[in-house]
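*Asks:* structure-v4.txt is the file, holding compact mmCIF, C-alpha atoms and all ligand atoms:
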```
# COMPACT_ATOMS: atom_id res chain seq x y z
CA MET A 17 -94.67 -70.63 -113.66
CA PRO A 18 -97.48 -72.31 -111.65
CA ALA A 19 -97.81 -76.06 -112.02
CA ALA A 20 -101.13 -75.70 -113.86
CA ASP A 21 -99.44 -73.57 -116.53
CA LEU A 22 -96.65 -76.12 -116.79
CA LEU A 23 -99.20 -78.84 -117.48
CA VAL A 24 -100.84 -76.76 -120.19
CA GLY A 25 -97.45 -75.96 -121.70
CA ILE A 26 -96.41 -79.59 -121.72
CA ALA A 27 -99.68 -80.65 -123.29
CA ALA A 28 -99.00 -78.06 -126.00
CA ARG A 29 -95.47 -79.46 -126.42
CA GLN A 30 -93.77 -76.22 -125.50
CA ILE A 31 -90.08 -76.64 -124.78
CA PRO A 32 -89.86 -73.85 -122.15
CA ALA A 33 -92.57 -75.54 -120.09
CA LEU A 34 -90.77 -78.86 -120.47
CA ALA A 35 -87.47 -77.34 -119.37
CA ARG A 36 -89.09 -75.77 -116.30
CA ALA A 37 -90.87 -78.97 -115.36
CA VAL A 38 -87.62 -80.93 -115.64
CA SER A 39 -85.79 -78.42 -113.42
CA MET A 40 -88.58 -78.57 -110.87
CA VAL A 41 -88.32 -82.36 -110.69
CA GLU A 42 -84.52 -82.42 -110.79
CA ASN A 43 -84.27 -79.98 -107.89
CA GLY A 44 -87.18 -81.43 -105.94
CA ARG A 45 -88.86 -78.05 -105.77
CA PRO A 46 -92.19 -77.79 -103.89
CA GLY A 47 -95.02 -79.32 -105.84
CA TYR A 48 -92.90 -81.57 -108.03
CA GLU A 49 -94.61 -84.73 -106.86
CA ASP A 50 -98.01 -83.25 -107.65
CA LEU A 51 -96.72 -82.32 -111.10
CA LEU A 52 -95.47 -85.87 -111.71
CA SER A 53 -98.73 -87.24 -110.42
CA ALA A 54 -100.70 -85.04 -112.81
CA LEU A 55 -98.49 -86.13 -115.71
CA HIS A 56 -98.66 -89.80 -114.85
CA SER A 57 -101.57 -90.73 -117.10
CA ARG A 58 -99.50 -89.60 -120.09
CA VAL A 59 -96.44 -91.65 -119.14
CA GLY A 60 -95.60 -94.99 -120.71
CA ARG A 61 -95.61 -94.38 -124.46
CA ALA A 62 -91.89 -93.72 -124.93
CA HIS A 63 -89.34 -96.45 -125.36
CA ARG A 64 -86.41 -95.79 -123.03
CA VAL A 65 -82.92 -96.69 -124.09
CA GLY A 66 -80.08 -96.66 -121.57
CA LEU A 67 -76.54 -96.02 -122.79
CA THR A 68 -74.14 -97.04 -120.04
CA GLY A 69 -70.40 -97.48 -120.17
CA PRO A 70 -67.00 -96.31 -119.00
CA PRO A 71 -66.00 -92.65 -119.25
CA GLY A 72 -65.17 -91.56 -122.76
CA ALA A 73 -66.57 -94.69 -124.41
CA GLY A 74 -68.38 -92.49 -126.90
CA LYS A 75 -71.84 -92.60 -125.36
CA SER A 76 -72.67 -88.99 -126.17
CA THR A 77 -71.31 -89.32 -129.69
CA LEU A 78 -73.42 -92.42 -130.11
CA ALA A 79 -76.47 -90.71 -128.62
CA GLU A 80 -76.15 -87.97 -131.23
CA ARG A 81 -75.92 -90.59 -133.98
CA LEU A 82 -79.01 -92.26 -132.59
CA ILE A 83 -80.84 -88.93 -132.57
CA HIS A 84 -80.07 -88.53 -136.27
CA ALA A 85 -81.09 -92.09 -137.02
CA TYR A 86 -84.37 -91.74 -135.15
CA ARG A 87 -85.12 -88.38 -136.73
CA GLY A 88 -84.57 -90.06 -140.08
CA ARG A 89 -87.31 -92.50 -139.10
CA GLY A 90 -89.61 -89.70 -138.07
CA ARG A 91 -89.24 -90.36 -134.36
CA SER A 92 -88.87 -87.65 -131.73
CA VAL A 93 -86.09 -88.11 -129.19
CA GLY A 94 -85.42 -86.87 -125.66
CA VAL A 95 -82.00 -87.36 -124.10
CA VAL A 96 -81.06 -87.29 -120.41
CA ALA A 97 -77.31 -87.33 -119.77
CA VAL A 98 -76.54 -88.08 -116.12
CA ASP A 99 -73.41 -86.47 -114.78
CA PRO A 100 -71.38 -86.59 -117.97
CA THR A 101 -67.69 -85.76 -117.62
CA CYS A 102 -67.93 -84.37 -121.15
CA PRO A 103 -71.32 -82.70 -121.21
CA PHE A 104 -73.32 -82.41 -124.38
CA THR A 105 -72.50 -79.20 -126.13
CA GLY A 106 -75.40 -79.65 -128.47
CA GLY A 107 -72.86 -78.78 -131.07
CA ALA A 108 -70.15 -81.11 -132.26
CA LEU A 109 -72.30 -83.48 -134.24
CA LEU A 110 -75.77 -82.11 -133.91
CA GLY A 111 -76.45 -80.12 -137.01
CA ASP A 112 -77.94 -76.67 -137.04
CA SER A 113 -81.24 -78.13 -138.15
CA ILE A 114 -81.63 -80.09 -134.94
CA ARG A 115 -80.59 -77.21 -132.75
CA LYS A 116 -83.14 -75.05 -134.50
CA GLU A 117 -85.75 -77.72 -134.04
CA SER A 118 -84.94 -77.81 -130.33
CA ALA A 119 -85.73 -74.15 -130.12
CA SER A 120 -88.97 -74.44 -132.04
CA LEU A 121 -92.33 -74.96 -130.43
CA ASP A 122 -92.98 -78.43 -131.77
CA ALA A 123 -89.61 -79.81 -130.75
CA ASP A 124 -88.65 -83.30 -131.74
CA VAL A 125 -85.31 -83.32 -129.99
CA TYR A 126 -84.51 -82.28 -126.46
CA ILE A 127 -81.24 -82.88 -124.63
CA ARG A 128 -80.80 -82.40 -120.94
CA SER A 129 -77.70 -82.85 -118.78
CA MET A 130 -78.24 -83.64 -115.12
CA ALA A 131 -75.66 -83.09 -112.42
CA THR A 132 -75.17 -85.79 -109.81
CA ARG A 133 -76.71 -84.83 -106.54
CA GLY A 134 -78.40 -86.43 -103.61
CA GLU A 135 -77.47 -89.75 -102.17
CA LEU A 136 -77.01 -93.02 -103.94
CA GLY A 137 -80.23 -94.43 -105.28
CA GLY A 138 -81.83 -91.00 -105.14
CA LEU A 139 -80.28 -90.19 -108.47
CA ALA A 140 -81.87 -93.21 -110.11
CA THR A 141 -85.28 -92.09 -108.84
CA THR A 142 -84.78 -88.54 -110.03
CA THR A 143 -83.53 -89.71 -113.42
CA ARG A 144 -86.58 -91.90 -113.82
CA GLU A 145 -88.84 -89.01 -112.91
CA VAL A 146 -87.14 -86.66 -115.37
CA CYS A 147 -87.64 -89.37 -118.02
CA ASP A 148 -91.30 -89.53 -117.01
CA VAL A 149 -91.63 -85.82 -117.76
CA LEU A 150 -90.05 -86.34 -121.20
CA ASP A 151 -92.30 -89.34 -121.75
CA ALA A 152 -95.39 -87.31 -120.84
CA PHE A 153 -94.22 -84.59 -123.21
CA GLY A 154 -94.56 -87.16 -125.97
CA PHE A 155 -91.08 -88.16 -127.10
CA ASP A 156 -91.10 -91.48 -128.95
CA ARG A 157 -87.66 -92.48 -127.75
CA ILE A 158 -85.79 -91.45 -124.62
CA ILE A 159 -82.06 -92.00 -124.37
CA ILE A 160 -80.52 -92.09 -120.89
CA GLU A 161 -76.76 -91.69 -120.82
CA THR A 162 -74.94 -92.72 -117.64
CA VAL A 163 -71.20 -92.89 -117.21
CA GLY A 164 -69.54 -95.72 -115.34
CA VAL A 165 -70.28 -99.34 -114.76
CA GLY A 166 -70.77 -99.36 -110.98
CA GLN A 167 -73.90 -100.32 -109.11
CA SER A 168 -75.39 -96.84 -108.93
CA GLU A 169 -75.01 -96.31 -112.68
CA LEU A 170 -76.52 -99.70 -113.30
CA SER A 171 -79.50 -98.85 -111.15
CA ILE A 172 -80.04 -95.87 -113.44
CA ALA A 173 -79.61 -98.08 -116.49
CA ALA A 174 -82.20 -100.42 -115.03
CA THR A 175 -84.82 -97.68 -115.40
CA ALA A 176 -84.53 -98.08 -119.19
CA ASP A 177 -86.54 -100.53 -121.27
CA THR A 178 -83.51 -101.45 -123.35
CA ALA A 179 -80.08 -101.30 -121.71
CA VAL A 180 -77.17 -100.82 -124.08
CA LEU A 181 -73.70 -101.33 -122.61
CA VAL A 182 -71.15 -99.30 -124.55
CA LEU A 183 -67.65 -100.75 -124.41
CA VAL A 184 -64.49 -99.89 -126.29
CA PRO A 185 -61.48 -102.02 -127.27
CA GLU A 186 -59.53 -100.24 -124.53
CA SER A 187 -62.06 -101.45 -121.95
CA GLY A 188 -59.59 -104.30 -121.57
CA ASP A 189 -60.56 -107.81 -120.80
CA GLY A 190 -64.18 -108.15 -121.75
CA VAL A 191 -64.46 -111.42 -119.93
CA GLN A 192 -63.37 -109.74 -116.71
CA VAL A 193 -66.19 -107.25 -117.10
CA LEU A 194 -68.61 -110.09 -117.66
CA LYS A 195 -67.33 -112.05 -114.71
CA ALA A 196 -67.77 -109.04 -112.47
CA GLY A 197 -71.48 -109.36 -113.19
CA VAL A 198 -71.51 -105.82 -114.44
CA MET A 199 -72.86 -106.80 -117.80
CA GLU A 200 -75.73 -108.94 -116.58
CA ILE A 201 -78.07 -106.11 -117.12
CA ALA A 202 -77.34 -105.33 -120.77
CA ASP A 203 -79.81 -106.18 -123.52
CA ILE A 204 -77.38 -105.08 -126.22
CA TYR A 205 -73.58 -104.83 -126.22
CA ALA A 206 -72.23 -102.03 -128.36
CA ILE A 207 -68.51 -102.17 -128.99
CA ASN A 208 -67.73 -98.64 -130.00
CA LYS A 209 -64.54 -97.31 -131.56
CA ALA A 210 -64.35 -100.37 -133.76
CA ASP A 211 -62.25 -98.20 -136.04
CA ARG A 212 -59.48 -99.05 -133.57
CA PRO A 213 -57.72 -102.38 -133.14
CA GLY A 214 -59.05 -104.84 -130.59
CA ALA A 215 -62.78 -104.46 -131.25
CA ASP A 216 -63.06 -107.88 -132.92
CA ARG A 217 -61.33 -109.57 -130.02
CA LEU A 218 -63.59 -107.91 -127.44
CA ARG A 219 -66.68 -108.74 -129.44
CA ASN A 220 -65.56 -112.32 -129.75
CA GLU A 221 -64.97 -112.58 -125.99
CA ILE A 222 -68.38 -111.13 -125.24
CA GLU A 223 -70.10 -113.47 -127.67
CA VAL A 224 -68.37 -116.53 -126.28
CA MET A 225 -69.26 -115.44 -122.75
CA LEU A 226 -72.90 -114.86 -123.68
CA GLY A 227 -72.94 -118.21 -125.45
CA ILE A 228 -71.62 -119.96 -122.36
CA ARG A 229 -74.39 -118.34 -120.34
CA GLN A 230 -76.93 -119.77 -122.73
CA GLY A 231 -75.27 -123.16 -122.80
CA ASN A 232 -73.73 -122.90 -126.23
CA ALA A 233 -70.37 -121.22 -126.31
CA PHE A 234 -70.15 -120.80 -130.05
CA ARG A 235 -73.74 -120.22 -131.00
CA HIS A 236 -73.26 -116.49 -131.30
CA VAL A 237 -69.91 -116.44 -132.97
CA ALA A 238 -70.00 -115.55 -136.61
CA PRO A 239 -67.35 -117.03 -138.91
CA HIS A 240 -65.67 -113.68 -138.92
CA HIS A 241 -66.27 -110.73 -136.68
CA ARG A 242 -65.26 -107.74 -138.64
CA LEU A 243 -66.94 -104.38 -138.50
CA GLU A 244 -68.24 -105.01 -142.02
CA ALA A 245 -69.99 -108.07 -140.67
CA ALA A 246 -72.12 -105.93 -138.41
CA GLN A 247 -74.89 -105.54 -140.94
CA PRO A 248 -78.41 -104.63 -139.93
CA ALA A 249 -80.42 -107.64 -138.87
CA PRO A 250 -83.11 -108.76 -141.30
CA PRO A 251 -86.20 -106.68 -140.64
CA SER A 252 -88.55 -108.50 -138.35
CA SER A 253 -92.02 -109.05 -139.69
CA GLY A 254 -93.66 -107.31 -136.75
CA PRO A 255 -94.02 -108.07 -133.06
CA ALA A 256 -95.44 -111.53 -133.74
CA ALA A 257 -92.03 -112.62 -135.03
CA ALA A 258 -90.30 -111.75 -131.78
CA PRO A 259 -88.28 -114.63 -130.34
CA ALA A 260 -89.31 -116.45 -127.17
CA ALA A 261 -86.10 -115.42 -125.42
CA TRP A 262 -83.89 -112.44 -126.07
CA GLU A 263 -80.31 -113.18 -127.04
CA PRO A 264 -78.30 -110.04 -126.41
CA PRO A 265 -76.39 -109.16 -129.56
CA ALA A 266 -72.85 -107.78 -129.51
CA LEU A 267 -72.42 -105.18 -132.23
CA ALA A 268 -69.23 -103.51 -133.36
CA LEU A 269 -69.62 -99.91 -134.44
CA SER A 270 -67.91 -96.59 -134.81
CA ALA A 271 -69.96 -93.65 -133.65
CA LEU A 272 -67.27 -91.30 -134.86
CA ARG A 273 -67.40 -92.64 -138.41
CA ASP A 274 -71.12 -93.30 -138.23
CA GLU A 275 -70.59 -96.98 -139.04
CA GLY A 276 -72.75 -99.74 -137.63
CA VAL A 277 -75.28 -97.33 -136.13
CA PRO A 278 -78.24 -98.57 -138.25
CA ALA A 279 -77.58 -102.09 -136.93
CA LEU A 280 -77.78 -100.76 -133.38
CA VAL A 281 -81.03 -98.94 -134.10
CA GLU A 282 -82.38 -102.13 -135.63
CA ALA A 283 -81.35 -104.14 -132.56
CA ILE A 284 -83.01 -101.62 -130.24
CA GLU A 285 -86.21 -101.75 -132.28
CA ARG A 286 -86.12 -105.55 -132.31
CA HIS A 287 -85.68 -105.54 -128.54
CA ALA A 288 -88.61 -103.15 -128.16
CA ALA A 289 -90.75 -105.48 -130.29
CA TYR A 290 -89.56 -108.48 -128.29
CA LEU A 291 -90.41 -106.77 -124.98
CA GLY A 292 -93.90 -105.98 -126.18
CA ALA A 293 -94.66 -109.39 -127.70
CA SER A 294 -93.24 -111.47 -124.87
CA GLY A 295 -95.04 -109.64 -122.10
CA GLU A 296 -91.65 -108.72 -120.68
CA LEU A 297 -92.33 -105.00 -121.08
CA ALA A 298 -95.44 -105.18 -118.93
CA ARG A 299 -93.56 -107.26 -116.37
CA ARG A 300 -90.57 -104.90 -116.24
CA ARG A 301 -92.80 -101.86 -115.95
CA ARG A 302 -94.82 -103.44 -113.17
CA ASP A 303 -91.62 -104.24 -111.26
CA ARG A 304 -90.37 -100.72 -111.82
CA LEU A 305 -93.65 -99.25 -110.67
CA ALA A 306 -93.38 -101.22 -107.43
CA ARG A 307 -89.77 -100.12 -106.93
CA HIS A 308 -90.63 -96.53 -107.75
CA THR A 309 -93.52 -96.48 -105.30
CA ARG A 310 -91.22 -97.83 -102.57
CA GLU A 311 -88.68 -95.16 -103.40
CA VAL A 312 -91.28 -92.42 -103.18
CA VAL A 313 -92.38 -93.77 -99.80
CA ASP A 314 -88.76 -93.99 -98.59
CA ARG A 315 -88.13 -90.45 -99.74
CA SER A 316 -91.25 -89.17 -98.01
CA LEU A 317 -90.33 -90.99 -94.82
CA ARG A 318 -86.87 -89.45 -94.80
CA GLN A 319 -88.44 -86.08 -95.33
CA LEU A 320 -90.96 -86.74 -92.59
CA VAL A 321 -88.26 -87.66 -90.08
CA TRP A 322 -85.43 -85.31 -90.94
CA ASP A 323 -87.01 -82.27 -92.57
CA GLU A 324 -90.53 -81.95 -91.23
CA GLY A 325 -90.37 -83.89 -87.98
CA SER A 326 -88.22 -83.48 -84.90
CA GLY A 327 -85.58 -86.06 -86.00
CA GLU A 328 -82.78 -83.62 -86.62
CA GLU A 329 -83.51 -81.78 -83.37
CA THR A 330 -83.52 -84.98 -81.28
CA LEU A 331 -80.33 -86.10 -82.97
CA ARG A 332 -78.55 -82.86 -82.22
CA SER A 333 -79.69 -82.65 -78.62
CA GLY A 334 -78.85 -86.34 -78.12
CA LEU A 335 -75.33 -85.78 -79.35
CA ALA A 336 -74.91 -82.65 -77.28
CA ALA A 337 -76.11 -84.28 -74.07
CA ALA A 338 -73.25 -86.74 -73.69
CA THR A 339 -69.70 -87.26 -74.73
CA HIS A 340 -69.66 -88.89 -78.13
CA ASP A 341 -68.45 -92.33 -77.10
CA ARG A 342 -71.35 -92.57 -74.66
CA VAL A 343 -74.05 -92.00 -77.23
CA ASN A 344 -75.77 -95.21 -78.15
CA PRO A 345 -76.92 -94.83 -81.77
CA TYR A 346 -79.61 -97.48 -81.36
CA GLU A 347 -81.16 -95.79 -78.36
CA LEU A 348 -80.92 -92.44 -80.04
CA ALA A 349 -82.53 -93.77 -83.22
CA HIS A 350 -85.33 -95.28 -81.17
CA ARG A 351 -85.91 -91.93 -79.49
CA ILE A 352 -86.00 -90.19 -82.85
CA LEU A 353 -88.50 -92.66 -84.23
CA ALA A 354 -90.61 -92.56 -81.07
CA GLY A 355 -90.73 -88.79 -81.40
CA VAL A 356 -91.85 -88.98 -85.02
CA ARG A 357 -94.48 -91.61 -84.20
CA LYS A 358 -95.86 -89.40 -81.45
CA GLU A 359 -95.98 -86.43 -83.80
CA MET A 360 -97.82 -88.50 -86.39
CA HIS A 361 -100.23 -89.73 -83.74
CA ASP A 362 -100.84 -86.19 -82.47
CA GLY A 363 -101.40 -84.94 -85.99
CA ARG A 364 -98.10 -83.13 -86.30
CA PRO A 365 -96.22 -82.29 -88.41
N1 LIG B 1 -61.90 -93.38 -132.62
C1 LIG B 1 -63.13 -93.16 -132.18
N2 LIG B 1 -63.36 -92.18 -131.29
C2 LIG B 1 -64.61 -92.00 -130.87
C3 LIG B 1 -65.69 -92.79 -131.32
N3 LIG B 1 -66.82 -92.37 -130.71
C4 LIG B 1 -66.46 -91.36 -129.90
N4 LIG B 1 -65.14 -91.13 -129.99
C5 LIG B 1 -64.36 -90.09 -129.28
O1 LIG B 1 -64.25 -90.43 -127.92
C6 LIG B 1 -64.24 -89.23 -127.12
C7 LIG B 1 -65.30 -89.31 -126.06
O2 LIG B 1 -66.57 -89.30 -126.70
P1 LIG B 1 -67.90 -88.99 -125.91
O3 LIG B 1 -69.02 -89.24 -126.86
O4 LIG B 1 -67.84 -87.68 -125.24
O5 LIG B 1 -67.83 -90.14 -124.83
P2 LIG B 1 -68.79 -90.35 -123.57
O6 LIG B 1 -68.83 -91.81 -123.32
O7 LIG B 1 -70.06 -89.67 -123.76
O8 LIG B 1 -67.95 -89.63 -122.44
P3 LIG B 1 -68.42 -89.29 -120.94
O9 LIG B 1 -69.83 -88.80 -121.01
O10 LIG B 1 -67.48 -88.25 -120.50
O11 LIG B 1 -68.27 -90.56 -120.17
C8 LIG B 1 -64.45 -88.09 -128.08
O12 LIG B 1 -63.20 -87.54 -128.37
C9 LIG B 1 -65.05 -88.76 -129.30
O13 LIG B 1 -64.77 -88.07 -130.51
C10 LIG B 1 -65.42 -93.81 -132.28
O14 LIG B 1 -66.29 -94.55 -132.73
N5 LIG B 1 -64.10 -93.96 -132.66
MG MG B 2 -71.02 -88.21 -122.50
```
As a first step, turn the structure in this file into structure tokens.
Ligand SMILES: Nc1nc2c(ncn2[C@@H]2O[C@H](COP(=O)(O)OP(=O)(O)OP(=O)(O)O)[C@@H](O)[C@H]2O)c(=O)[nH]1
Ligand SMILES: [Mg+2]
*Replies:*
Amino acid sequence: MPAADLLVGIAARQIPALARAVSMVENGRPGYEDLLSALHSRVGRAHRVGLTGPPGAGKSTLAERLIHAYRGRGRSVGVVAVDPTCPFTGGALLGDSIRKESASLDADVYIRSMATRGELGGLATTTREVCDVLDAFGFDRIIIETVGVGQSELSIAATADTAVLVLVPESGDGVQVLKAGVMEIADIYAINKADRPGADRLRNEIEVMLGIRQGNAFRHVAPHHRLEAAQPAPPSSGPAAAPAAWEPPALALSALRDEGVPALVEAIERHAAYLGASGELARRRRDRLARHTREVVDRSLRQLVWDEGSGEETLRSGLAAATHDRVNPYELAHRILAGVRKEMHDGRP
């Protein structure tokens, strides 16, 4: 399908056009940057929620609960699952109604699994761009599921507006996780599988740790920290009521039993309101725009040197010309770059 038809299809909210556009971006097929560029004016309306956490923490189960919750509020939802070890089946929890809706023309739910490919950092860019396509399509909420708590996963999580870190009682010492700096990025801590023992302890540790960060170790800690205590927050009276600083809540829930999910939805909505009212959303998006632009330039430069220019050729001939221990990588790199500069100067490639 030509890009122009894709644009028309996306404007008409047709799922097949969306699916094709996402594949085009995911695989970096010719013309994908032009497509993204053409869609750009429609990007920025969706609120993006990152679900990050260790393998098997229940992120997909939770994502499906969130889909239901959002649908109940009349919101449309797109989901991007990055390299899940247990891919979405679109089945276990998603009812027939939602699967049917996905197939209909005016779809309100779309779930997409992405396989890991490309080098580190590249995946974050591609994920962001796939989310941009979903955003342009008009989804109100976009959920990004990433497995793991390493740097590369966190860089994907950082493309979200609201980062939810999903932990489980088995995650072990919550304080260790915090100390590792892994949790710095989270706006909301979701302790899933609270139907199992240990959730209260983990939640307590997280709250104490967050309190210490904010200079008051016990500010967060409720008199008791049971699952039943995780009630929805009082509804905020609109964006004007948003606090001056965001205090990341730690919520216990059970995605499996569908307990505590409304409180999570409420926290996400409160965070969205906070971001808007505090100016933080505009700031984050500006930062992300700068980072994204740099990434696009980096990507184009790599392409210019290695794919379109003579870089690969110079590298190969340089390696072939001498025994390996004689090749000076700095000299060779300089030669490669000099070659590319000359090509640019001469109007090639
Ligand atoms: N006991 C309990 N099990 C749960 C809960 N939520 C999810 N699970 C189970 O945990 C397992 C993993 O759930 P997933 O939703 O696939 O977890 P995930 O984090 O998406 O997994 P990956 O994408 O592979 O990292 C499944 O067997 C779920 O049924 C929960 O709240 N309590
Ligand atoms: Mg999953």
*Asks:* As an MDAnalysis selection string, please: the residues near Leu51 in chain A (cut-off 7 Å, all atoms listed in the file, same-chain neighbours under 4 positions excluded).
*Replies:* chainID A and resid 19 47 55
*Asks:* Can you spit out the residues from that selection as an mmCIF file, in the coordinates of the input, using C-alpha atoms?
*Replies:*
```cif
data_model
loop_
_atom_site.group_PDB
_atom_site.id
_atom_site.type_symbol
_atom_site.label_atom_id
_atom_site.label_comp_id
_atom_site.auth_asym_id
_atom_site.auth_seq_id
_atom_site.Cartn_x
_atom_site.Cartn_y
_atom_site.Cartn_z
ATOM 1 C CA ALA A 19 -97.810 -76.060 -112.020
ATOM 2 C CA GLY A 47 -95.020 -79.320 -105.840
ATOM 3 C CA LEU A 55 -98.490 -86.130 -115.710
#
```
*Asks:* Each residue of chain A with at least one atom at most 7 Å from ligand LIG 1 (chain B) should appear once, together with its nearest atom pair and the corresponding distance in Å (one decimal); atoms considered: all atoms listed in the file; ordering: chain, then increasing residue number; output as JSON lines.
*Replies:*
```
{"residue": "A:Gly69", "atom": "CA", "partner": "B:LIG1", "partner_atom": "O6", "distance": 6.7}
{"residue": "A:Pro70", "atom": "CA", "partner": "B:LIG1", "partner_atom": "O11", "distance": 6.0}
{"residue": "A:Pro71", "atom": "CA", "partner": "B:LIG1", "partner_atom": "O11", "distance": 3.2}
{"residue": "A:Gly72", "atom": "CA", "partner": "B:LIG1", "partner_atom": "O8", "distance": 3.4}
{"residue": "A:Ala73", "atom": "CA", "partner": "B:LIG1", "partner_atom": "O6", "distance": 3.8}
{"residue": "A:Gly74", "atom": "CA", "partner": "B:LIG1", "partner_atom": "O5", "distance": 3.2}
{"residue": "A:Lys75", "atom": "CA", "partner": "B:LIG1", "partner_atom": "O6", "distance": 3.7}
{"residue": "A:Ser76", "atom": "CA", "partner": "B:LIG1", "partner_atom": "O7", "distance": 3.6}
{"residue": "A:Thr77", "atom": "CA", "partner": "B:LIG1", "partner_atom": "O3", "distance": 3.6}
{"residue": "A:Leu78", "atom": "CA", "partner": "B:LIG1", "partner_atom": "O3", "distance": 6.3}
{"residue": "A:Pro100", "atom": "CA", "partner": "B:LIG1", "partner_atom": "O9", "distance": 4.1}
{"residue": "A:Thr101", "atom": "CA", "partner": "B:LIG1", "partner_atom": "O10", "distance": 3.8}
{"residue": "A:Cys102", "atom": "CA", "partner": "B:LIG1", "partner_atom": "O10", "distance": 4.0}
{"residue": "A:Pro103", "atom": "CA", "partner": "B:LIG1", "partner_atom": "O9", "distance": 6.3}
{"residue": "A:Val163", "atom": "CA", "partner": "B:LIG1", "partner_atom": "O11", "distance": 4.8}
{"residue": "A:Asn208", "atom": "CA", "partner": "B:LIG1", "partner_atom": "O14", "distance": 5.1}
{"residue": "A:Lys209", "atom": "CA", "partner": "B:LIG1", "partner_atom": "O14", "distance": 3.5}
{"residue": "A:Ala210", "atom": "CA", "partner": "B:LIG1", "partner_atom": "O14", "distance": 6.2}
{"residue": "A:Asp211", "atom": "CA", "partner": "B:LIG1", "partner_atom": "N5", "distance": 5.7}
{"residue": "A:Arg212", "atom": "CA", "partner": "B:LIG1", "partner_atom": "N1", "distance": 6.2}
{"residue": "A:Leu269", "atom": "CA", "partner": "B:LIG1", "partner_atom": "O14", "distance": 6.5}
{"residue": "A:Ser270", "atom": "CA", "partner": "B:LIG1", "partner_atom": "O14", "distance": 3.3}
{"residue": "A:Ala271", "atom": "CA", "partner": "B:LIG1", "partner_atom": "O14", "distance": 3.9}
{"residue": "A:Leu272", "atom": "CA", "partner": "B:LIG1", "partner_atom": "O14", "distance": 4.0}
{"residue": "A:Arg273", "atom": "CA", "partner": "B:LIG1", "partner_atom": "O14", "distance": 6.1}
```
*Asks:* Between CA of Asp124 in chain A and CA of Val146 in chain A, what distance in Å does the model show, to one decimal?
*Replies:*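 Between these atoms lies a distance of 16.8 Å.
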*Asks:* Can you tell me how far CA of Ile201 in chain A sits from CA of Ser187 in chain A, in Å to one decimal?
*Replies:*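 Computed distance, CA of Ile201 in chain A to CA of Ser187 in chain A, equals 17.4 Å.
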*Asks:* Go through A:Arg310, A:Arg318, A:Arg286, A:Arg128 and flag the residue nearest ligand MG 2 (chain B), using all atoms listed in the file for the distances.
*Replies:*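 With all atoms listed in the file as the atom set, the closest residue is A:Arg128.
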*Asks:* Select, from A:Ala152, A:Leu305, A:Leu67, A:Leu139, the residue with the minimum atom-to-atom distance to Ala202 in chain A, counting all atoms listed in the file.
*Replies:*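 Looking at the shortest contact to Ala202 in chain A, the residue is A:Leu67.
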*Asks:* Using all atoms of range 31-43 of chain A that appear in the file, construct an axis-aligned enclosing box with 3 Å of padding on every side and provide its centre coordinates and edge lengths in Å, rounded to one decimal, as lines of an AutoDock Vina configuration file.
*Replies:*
```
center_x = -88.4
center_y = -78.1
center_z = -116.3
size_x = 14.3
size_y = 14.6
size_z = 22.9
```
*Asks:* Might you pull out every residue within 9 Å of Asp151 in chain A, with all atoms listed in the file counted and same-chain residues fewer than 3 positions away left off, and present them as a PDB file with C-alpha atoms, in the frame of the given file?
*Replies:*
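Contents of out-v2.pdb, freshly written:
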```
ATOM      1  CA  ARG A  58     -99.500 -89.600-120.090  1.00  0.00           C
ATOM      2  CA  VAL A  59     -96.440 -91.650-119.140  1.00  0.00           C
ATOM      3  CA  GLY A  60     -95.600 -94.990-120.710  1.00  0.00           C
ATOM      4  CA  ARG A  61     -95.610 -94.380-124.460  1.00  0.00           C
ATOM      5  CA  ALA A  62     -91.890 -93.720-124.930  1.00  0.00           C
ATOM      6  CA  HIS A  63     -89.340 -96.450-125.360  1.00  0.00           C
ATOM      7  CA  ARG A  64     -86.410 -95.790-123.030  1.00  0.00           C
ATOM      8  CA  GLY A  94     -85.420 -86.870-125.660  1.00  0.00           C
ATOM      9  CA  VAL A 146     -87.140 -86.660-115.370  1.00  0.00           C
ATOM     10  CA  CYS A 147     -87.640 -89.370-118.020  1.00  0.00           C
ATOM     11  CA  ASP A 148     -91.300 -89.530-117.010  1.00  0.00           C
ATOM     12  CA  GLY A 154     -94.560 -87.160-125.970  1.00  0.00           C
ATOM     13  CA  PHE A 155     -91.080 -88.160-127.100  1.00  0.00           C
ATOM     14  CA  ASP A 156     -91.100 -91.480-128.950  1.00  0.00           C
ATOM     15  CA  ARG A 157     -87.660 -92.480-127.750  1.00  0.00           C
ATOM     16  CA  ILE A 158     -85.790 -91.450-124.620  1.00  0.00           C
TER      17      ILE A 158
END
```
*Asks:* Which residue, A:Arg87, A:Tyr48, A:Ala54, A:Val125, has the smallest gap to Gln30 in chain A when you use only C-alpha atoms?
*Replies:*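 That would be A:Val125, the residue with the smallest distance to Gln30 in chain A.
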*Asks:* May I ask for the distance between CA of Met130 in chain A and CA of Gly325 in chain A, given in Å to one decimal place?
*Replies:*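 Rounded to one decimal, the two atoms are 29.7 Å apart.
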*Asks:* Please determine, counting only C-alpha atoms and all ligand atoms, which residue among A:Ala97, A:Val41, A:Val149, A:Ile31 has the shortest atom-to-atom distance to ligand MG 2 (chain B).
*Replies:*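 Closest to ligand MG 2 (chain B), using only C-alpha atoms and all ligand atoms: A:Ala97.
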*Asks:* I'd like to know which of A:Leu150, A:His56, A:Glu161, A:Arg29 is closest to ligand MG 2 (chain B), using only C-alpha atoms and all ligand atoms.
*Replies:*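 Answer, going by the shortest atom-to-atom distance: A:Glu161.
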*Asks:* Compute the distance from (-81.2, -102.7, -117.4) to each atom, counting only C-alpha atoms, keep the residues with any atom at most 10 Å away, and return them as a ChimeraX atom specification; use the coordinates of the file.
*Replies:* /A:65-68,170-181,199-204,300
